[in-house]
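One structure is given below, encoded as structure tokens.
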Amino acid sequence: MSAPRTHLLAIAAHRDDVEQTCGGTLIRMAEKGYRTAILDLTAGEMGTRGSAEERAAEAAEAAKIMLVPERHNAGLPDAHLENTFDAKLAIASKIRELRPQVVILPYWEARHPDHYRCSEIGFEACFLAGLRKIELDGEPHRPRKILYASIYADVKPSFVVDISAQFERRLKALLSYRSQYANRADATGLFPSEEEVAERIRAAARTYGMLIDAQYGEPFVVKETMSVEDVMCLGVKSI
């Protein structure tokens, strides 16, 4: 693996997906001194509320709140993500450019097709980015670890990140998408209120926080078995 330019890269289908699923973790890692980045695959142009231009401005503001210095967009079609070779090359090119050590993807099962396809495309792009003979600019690179943000999946997490100190900043980042979450008269009955969105986000984070005896948490799944160097340092009490 080549030297990282980015320590942690979150890849998501839409602007505001990262804020909902792993924003607190990005903030916590940035506060620890790691360099973070986001790659949104689409501009969100098919969303019922807001325009692509509005969401671009909101995404930039949210990135600042989350202490993320780089946010990129792959320009793939919203509501029409497909696992094509060209789509994978577009993401693999960014992986070579950013050289992340760790990549966060959406969980591989989801209600929205764009979300589970993002997971598929992202994983395969991570693989392709490391092929030396593929026609891509930049040095071959593969991330060392792939994490799956599982907050909306009905699965037992492999681990939970304590985001108690980062939760309010994460919520502020999400609600900066005024086109999506601000209370509007024309949205009555179609979308939950801003207050309801905040309550749901808080409740989900509280649920996962309780699993690790913390106030708020974000869950993740990994496909491989994790190694423990020192059993004396394991967190969370058994009894």
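Quick note on naming: the chains in the structure tokens go A, B, ... in the order shown, residues restart at 1 in each chain, and ligands are numbered from 1 in order of appearance.
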### Message
Applying 8 Å and only C-alpha atoms, which residues near region 100-105 of chain A remain after dropping the ones on its own chain fewer than 4 positions away? List them as an MDAnalysis selection string.
### Response
chainID A and resid 4:12 95 118:119 122:123 142:149
### Contacts of Pro77 (chain A) at 9 Å (only C-alpha atoms; same-chain gap of 6+ positions) as a PyMOL selection string
chain A and resi 41-46
The selected residues should be written to file as a compact mmCIF listing (two decimals), in the first residue's frame (atoms: N, CA and C atoms).
```txt
# COMPACT_ATOMS: atom_id res chain seq x y z
N LEU A 41 -21.23 10.04 -4.50
CA LEU A 41 -21.25 9.52 -5.87
C LEU A 41 -22.17 10.31 -6.79
N THR A 42 -23.24 10.90 -6.25
CA THR A 42 -24.19 11.65 -7.07
C THR A 42 -24.39 13.05 -6.52
N ALA A 43 -25.05 13.88 -7.30
CA ALA A 43 -25.34 15.25 -6.87
C ALA A 43 -26.69 15.36 -6.17
N GLY A 44 -27.43 14.26 -6.10
CA GLY A 44 -28.75 14.31 -5.47
C GLY A 44 -29.78 15.04 -6.30
N GLU A 45 -29.58 15.03 -7.62
CA GLU A 45 -30.44 15.83 -8.51
C GLU A 45 -31.86 15.27 -8.63
N MET A 46 -32.09 14.03 -8.22
CA MET A 46 -33.41 13.44 -8.33
C MET A 46 -34.22 13.56 -7.05
```
### Task
Excluding Thr21 (chain A) and residues on its chain fewer than 4 positions from it, collect all residues at most 12 Å away from it, counting only C-alpha atoms, and give them as JSON, numbers by chain.
{"A": [10, 11, 12, 13, 14, 15, 16, 17, 25, 26, 104, 105, 106, 107, 115, 147, 148, 149, 150, 151, 152, 153, 160, 161, 163, 167, 170, 171, 173, 174, 201, 202, 204, 205, 208, 217, 218, 219, 220]}
### Message
Considering only alpha helix (DSSP H) as DSSP defines it on the backbone, what residues of region 26-147 of chain A qualify? List them as a PyMOL selection string.
### Response
chain A and resi 26-31+52-65+85-98+113-128
Export N, CA and C atoms of the chosen residues as a compact mmCIF listing (two decimals), in the first residue's frame?
```txt
# COMPACT_ATOMS: atom_id res chain seq x y z
N LEU A 26 -16.25 10.56 11.54
CA LEU A 26 -15.36 11.45 10.79
C LEU A 26 -14.88 12.60 11.67
N ILE A 27 -15.79 13.17 12.43
CA ILE A 27 -15.41 14.28 13.32
C ILE A 27 -14.41 13.81 14.36
N ARG A 28 -14.70 12.68 14.98
CA ARG A 28 -13.80 12.17 16.03
C ARG A 28 -12.41 11.89 15.47
N MET A 29 -12.34 11.30 14.28
CA MET A 29 -11.04 11.01 13.69
C MET A 29 -10.29 12.30 13.32
N ALA A 30 -11.03 13.29 12.84
CA ALA A 30 -10.39 14.58 12.53
C ALA A 30 -9.84 15.22 13.79
N GLU A 31 -10.58 15.11 14.88
CA GLU A 31 -10.11 15.67 16.15
C GLU A 31 -8.88 14.94 16.68
N ALA A 52 -29.68 20.28 -7.10
CA ALA A 52 -28.30 19.83 -6.99
C ALA A 52 -27.40 20.98 -6.52
N GLU A 53 -27.69 22.19 -6.99
CA GLU A 53 -26.89 23.35 -6.62
C GLU A 53 -27.04 23.67 -5.13
N GLU A 54 -28.28 23.62 -4.64
CA GLU A 54 -28.51 23.86 -3.22
C GLU A 54 -27.78 22.82 -2.38
N ARG A 55 -27.87 21.58 -2.77
CA ARG A 55 -27.27 20.51 -1.99
C ARG A 55 -25.75 20.56 -2.04
N ALA A 56 -25.19 21.08 -3.13
CA ALA A 56 -23.74 21.25 -3.21
C ALA A 56 -23.26 22.25 -2.17
N ALA A 57 -23.97 23.38 -2.06
CA ALA A 57 -23.61 24.39 -1.07
C ALA A 57 -23.79 23.86 0.34
N GLU A 58 -24.86 23.12 0.57
CA GLU A 58 -25.11 22.54 1.89
C GLU A 58 -24.06 21.50 2.24
N ALA A 59 -23.65 20.70 1.26
CA ALA A 59 -22.63 19.68 1.49
C ALA A 59 -21.30 20.31 1.86
N ALA A 60 -20.97 21.41 1.23
CA ALA A 60 -19.72 22.11 1.54
C ALA A 60 -19.76 22.64 2.97
N GLU A 61 -20.90 23.20 3.37
CA GLU A 61 -21.04 23.72 4.73
C GLU A 61 -20.96 22.58 5.74
N ALA A 62 -21.63 21.46 5.44
CA ALA A 62 -21.60 20.31 6.34
C ALA A 62 -20.18 19.78 6.50
N ALA A 63 -19.42 19.76 5.42
CA ALA A 63 -18.04 19.27 5.50
C ALA A 63 -17.22 20.13 6.44
N LYS A 64 -17.42 21.44 6.40
CA LYS A 64 -16.70 22.34 7.30
C LYS A 64 -17.06 22.03 8.75
N ILE A 65 -18.34 21.82 8.99
CA ILE A 65 -18.78 21.51 10.36
C ILE A 65 -18.16 20.21 10.85
N PHE A 85 -18.42 -0.91 -15.22
CA PHE A 85 -16.96 -0.76 -15.17
C PHE A 85 -16.57 0.71 -15.14
N ASP A 86 -17.27 1.55 -15.90
CA ASP A 86 -16.95 2.98 -15.92
C ASP A 86 -17.19 3.62 -14.56
N ALA A 87 -18.27 3.22 -13.89
CA ALA A 87 -18.55 3.76 -12.55
C ALA A 87 -17.46 3.36 -11.57
N LYS A 88 -17.04 2.11 -11.65
CA LYS A 88 -15.98 1.64 -10.76
C LYS A 88 -14.66 2.35 -11.03
N LEU A 89 -14.38 2.61 -12.31
CA LEU A 89 -13.14 3.32 -12.64
C LEU A 89 -13.17 4.75 -12.11
N ALA A 90 -14.34 5.40 -12.15
CA ALA A 90 -14.45 6.77 -11.65
C ALA A 90 -14.10 6.83 -10.17
N ILE A 91 -14.57 5.84 -9.41
CA ILE A 91 -14.29 5.81 -7.98
C ILE A 91 -12.85 5.36 -7.73
N ALA A 92 -12.40 4.37 -8.48
CA ALA A 92 -11.02 3.89 -8.32
C ALA A 92 -10.02 5.01 -8.58
N SER A 93 -10.33 5.87 -9.53
CA SER A 93 -9.46 7.00 -9.81
C SER A 93 -9.32 7.91 -8.59
N LYS A 94 -10.44 8.15 -7.90
CA LYS A 94 -10.41 8.98 -6.69
C LYS A 94 -9.66 8.28 -5.56
N ILE A 95 -9.80 6.97 -5.49
CA ILE A 95 -9.08 6.23 -4.46
C ILE A 95 -7.58 6.34 -4.68
N ARG A 96 -7.16 6.27 -5.92
CA ARG A 96 -5.74 6.44 -6.22
C ARG A 96 -5.28 7.86 -5.89
N GLU A 97 -6.13 8.82 -6.16
CA GLU A 97 -5.78 10.22 -5.88
C GLU A 97 -5.66 10.47 -4.38
N LEU A 98 -6.62 9.97 -3.61
CA LEU A 98 -6.68 10.26 -2.18
C LEU A 98 -5.87 9.29 -1.33
N PRO A 113 -31.93 1.56 -3.67
CA PRO A 113 -30.97 0.86 -4.55
C PRO A 113 -29.63 1.57 -4.66
N ASP A 114 -29.63 2.90 -4.65
CA ASP A 114 -28.36 3.62 -4.75
C ASP A 114 -27.43 3.29 -3.59
N HIS A 115 -28.00 3.02 -2.42
CA HIS A 115 -27.17 2.77 -1.24
C HIS A 115 -26.47 1.43 -1.34
N TYR A 116 -27.21 0.37 -1.68
CA TYR A 116 -26.52 -0.92 -1.75
C TYR A 116 -25.64 -1.02 -2.98
N ARG A 117 -25.99 -0.31 -4.04
CA ARG A 117 -25.09 -0.31 -5.21
C ARG A 117 -23.81 0.48 -4.92
N CYS A 118 -23.93 1.54 -4.13
CA CYS A 118 -22.74 2.28 -3.71
C CYS A 118 -21.79 1.35 -2.96
N SER A 119 -22.35 0.50 -2.12
CA SER A 119 -21.52 -0.46 -1.37
C SER A 119 -20.80 -1.42 -2.33
N GLU A 120 -21.54 -1.96 -3.29
CA GLU A 120 -20.95 -2.88 -4.26
C GLU A 120 -19.88 -2.20 -5.10
N ILE A 121 -20.25 -1.06 -5.67
CA ILE A 121 -19.33 -0.35 -6.57
C ILE A 121 -18.09 0.09 -5.80
N GLY A 122 -18.30 0.60 -4.58
CA GLY A 122 -17.19 1.08 -3.78
C GLY A 122 -16.19 -0.01 -3.45
N PHE A 123 -16.70 -1.19 -3.06
CA PHE A 123 -15.80 -2.30 -2.74
C PHE A 123 -15.00 -2.72 -3.97
N GLU A 124 -15.67 -2.88 -5.09
CA GLU A 124 -14.97 -3.32 -6.29
C GLU A 124 -14.00 -2.26 -6.80
N ALA A 125 -14.34 -0.99 -6.61
CA ALA A 125 -13.43 0.08 -7.00
C ALA A 125 -12.16 0.06 -6.15
N CYS A 126 -12.31 -0.26 -4.87
CA CYS A 126 -11.14 -0.37 -4.00
C CYS A 126 -10.19 -1.46 -4.51
N PHE A 127 -10.77 -2.54 -5.02
CA PHE A 127 -9.95 -3.61 -5.57
C PHE A 127 -9.27 -3.17 -6.87
N LEU A 128 -10.07 -2.59 -7.78
CA LEU A 128 -9.52 -2.19 -9.08
C LEU A 128 -8.42 -1.14 -8.94
```
### Message
So that I can check the surroundings of Leu234 (chain A), please list as a list in words every protein, DNA and RNA residue that reaches within 12 Å of it, counting only C-alpha atoms and ignoring chain neighbours fewer than 6 positions away.
### Response
Phe159, Ile212, Ser227 and Val228 of chain A
Would you return as a short mmCIF file (atom, residue, chain, number, x, y, z; two decimals) with N, CA and C atoms, in the first residue's frame the members of region 11-218 of chain A that DSSP assigns to strand (DSSP E or B) on this structure's backbone?
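Listed below is the output, selection-v8.cif:
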```cif
data_model
loop_
_atom_site.label_atom_id
_atom_site.label_comp_id
_atom_site.auth_asym_id
_atom_site.auth_seq_id
_atom_site.Cartn_x
_atom_site.Cartn_y
_atom_site.Cartn_z
N ILE A 11 -17.35 7.00 1.53
CA ILE A 11 -17.98 7.01 0.21
C ILE A 11 -19.47 6.77 0.40
N ALA A 12 -20.30 7.62 -0.19
CA ALA A 12 -21.75 7.50 -0.04
C ALA A 12 -22.44 7.85 -1.34
N THR A 36 -9.35 13.45 6.86
CA THR A 36 -10.55 12.78 6.38
C THR A 36 -11.01 13.37 5.05
N ALA A 37 -11.83 12.61 4.34
CA ALA A 37 -12.38 13.07 3.07
C ALA A 37 -13.70 12.35 2.81
N ILE A 38 -14.52 12.93 1.94
CA ILE A 38 -15.81 12.37 1.55
C ILE A 38 -15.87 12.31 0.04
N LEU A 39 -16.41 11.21 -0.48
CA LEU A 39 -16.73 11.11 -1.91
C LEU A 39 -18.21 10.79 -2.04
N ASP A 40 -19.00 11.76 -2.46
CA ASP A 40 -20.41 11.54 -2.78
C ASP A 40 -20.48 11.10 -4.23
N LEU A 41 -21.23 10.04 -4.50
CA LEU A 41 -21.25 9.52 -5.87
C LEU A 41 -22.17 10.31 -6.79
N THR A 42 -23.24 10.90 -6.25
CA THR A 42 -24.19 11.65 -7.07
C THR A 42 -24.39 13.05 -6.52
N GLU A 70 -11.69 17.82 2.53
CA GLU A 70 -11.93 17.53 1.11
C GLU A 70 -13.24 16.79 0.95
N ARG A 71 -14.08 17.32 0.06
CA ARG A 71 -15.32 16.63 -0.30
C ARG A 71 -15.42 16.64 -1.82
N HIS A 72 -15.52 15.45 -2.41
CA HIS A 72 -15.56 15.31 -3.85
C HIS A 72 -16.89 14.72 -4.29
N ASN A 73 -17.18 14.85 -5.58
CA ASN A 73 -18.40 14.27 -6.14
C ASN A 73 -18.04 13.54 -7.43
N ALA A 74 -18.49 12.30 -7.55
CA ALA A 74 -18.14 11.48 -8.72
C ALA A 74 -18.99 11.80 -9.95
N GLY A 75 -20.10 12.52 -9.77
CA GLY A 75 -20.94 12.90 -10.90
C GLY A 75 -21.71 11.76 -11.52
N LEU A 76 -21.95 10.71 -10.76
CA LEU A 76 -22.74 9.59 -11.27
C LEU A 76 -24.23 9.90 -11.14
N PRO A 100 -6.54 6.54 0.57
CA PRO A 100 -6.97 6.37 1.96
C PRO A 100 -6.47 5.06 2.57
N GLN A 101 -6.22 5.09 3.86
CA GLN A 101 -5.91 3.87 4.59
C GLN A 101 -7.18 3.08 4.90
N VAL A 102 -8.25 3.80 5.24
CA VAL A 102 -9.51 3.18 5.61
C VAL A 102 -10.62 3.82 4.79
N VAL A 103 -11.54 2.98 4.30
CA VAL A 103 -12.71 3.46 3.55
C VAL A 103 -13.97 3.03 4.29
N ILE A 104 -14.92 3.96 4.41
CA ILE A 104 -16.24 3.64 4.95
C ILE A 104 -17.23 3.59 3.79
N LEU A 105 -17.98 2.48 3.71
CA LEU A 105 -19.02 2.30 2.70
C LEU A 105 -20.37 2.10 3.38
N PRO A 106 -21.46 2.30 2.65
CA PRO A 106 -22.77 1.94 3.22
C PRO A 106 -22.86 0.42 3.40
N LYS A 145 -8.31 -1.17 5.09
CA LYS A 145 -9.51 -1.64 5.77
C LYS A 145 -10.75 -1.00 5.16
N ILE A 146 -11.82 -1.81 5.05
CA ILE A 146 -13.12 -1.30 4.60
C ILE A 146 -14.12 -1.53 5.72
N LEU A 147 -14.78 -0.45 6.12
CA LEU A 147 -15.81 -0.50 7.15
C LEU A 147 -17.16 -0.23 6.51
N TYR A 148 -18.20 -0.85 7.05
CA TYR A 148 -19.55 -0.66 6.54
C TYR A 148 -20.40 0.02 7.61
N ALA A 149 -20.90 1.22 7.30
CA ALA A 149 -21.76 1.96 8.23
C ALA A 149 -23.12 1.27 8.27
N PHE A 159 -18.51 -3.40 15.74
CA PHE A 159 -18.04 -2.48 16.78
C PHE A 159 -18.85 -1.19 16.68
N VAL A 160 -18.79 -0.41 17.73
CA VAL A 160 -19.49 0.88 17.79
C VAL A 160 -18.48 1.94 18.21
N VAL A 161 -18.50 3.08 17.51
CA VAL A 161 -17.63 4.20 17.85
C VAL A 161 -18.39 5.14 18.79
N ASP A 162 -17.75 5.48 19.90
CA ASP A 162 -18.33 6.43 20.84
C ASP A 162 -18.24 7.84 20.25
N GLY A 217 -23.53 6.60 19.91
CA GLY A 217 -22.60 5.77 19.17
C GLY A 217 -22.98 5.62 17.71
N GLU A 218 -22.02 5.23 16.89
CA GLU A 218 -22.24 4.90 15.48
C GLU A 218 -21.74 3.48 15.23
#
```
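Interatomic distance, CA of Asp213 (chain A) against CA of Val236 (chain A): 6.8 Å.
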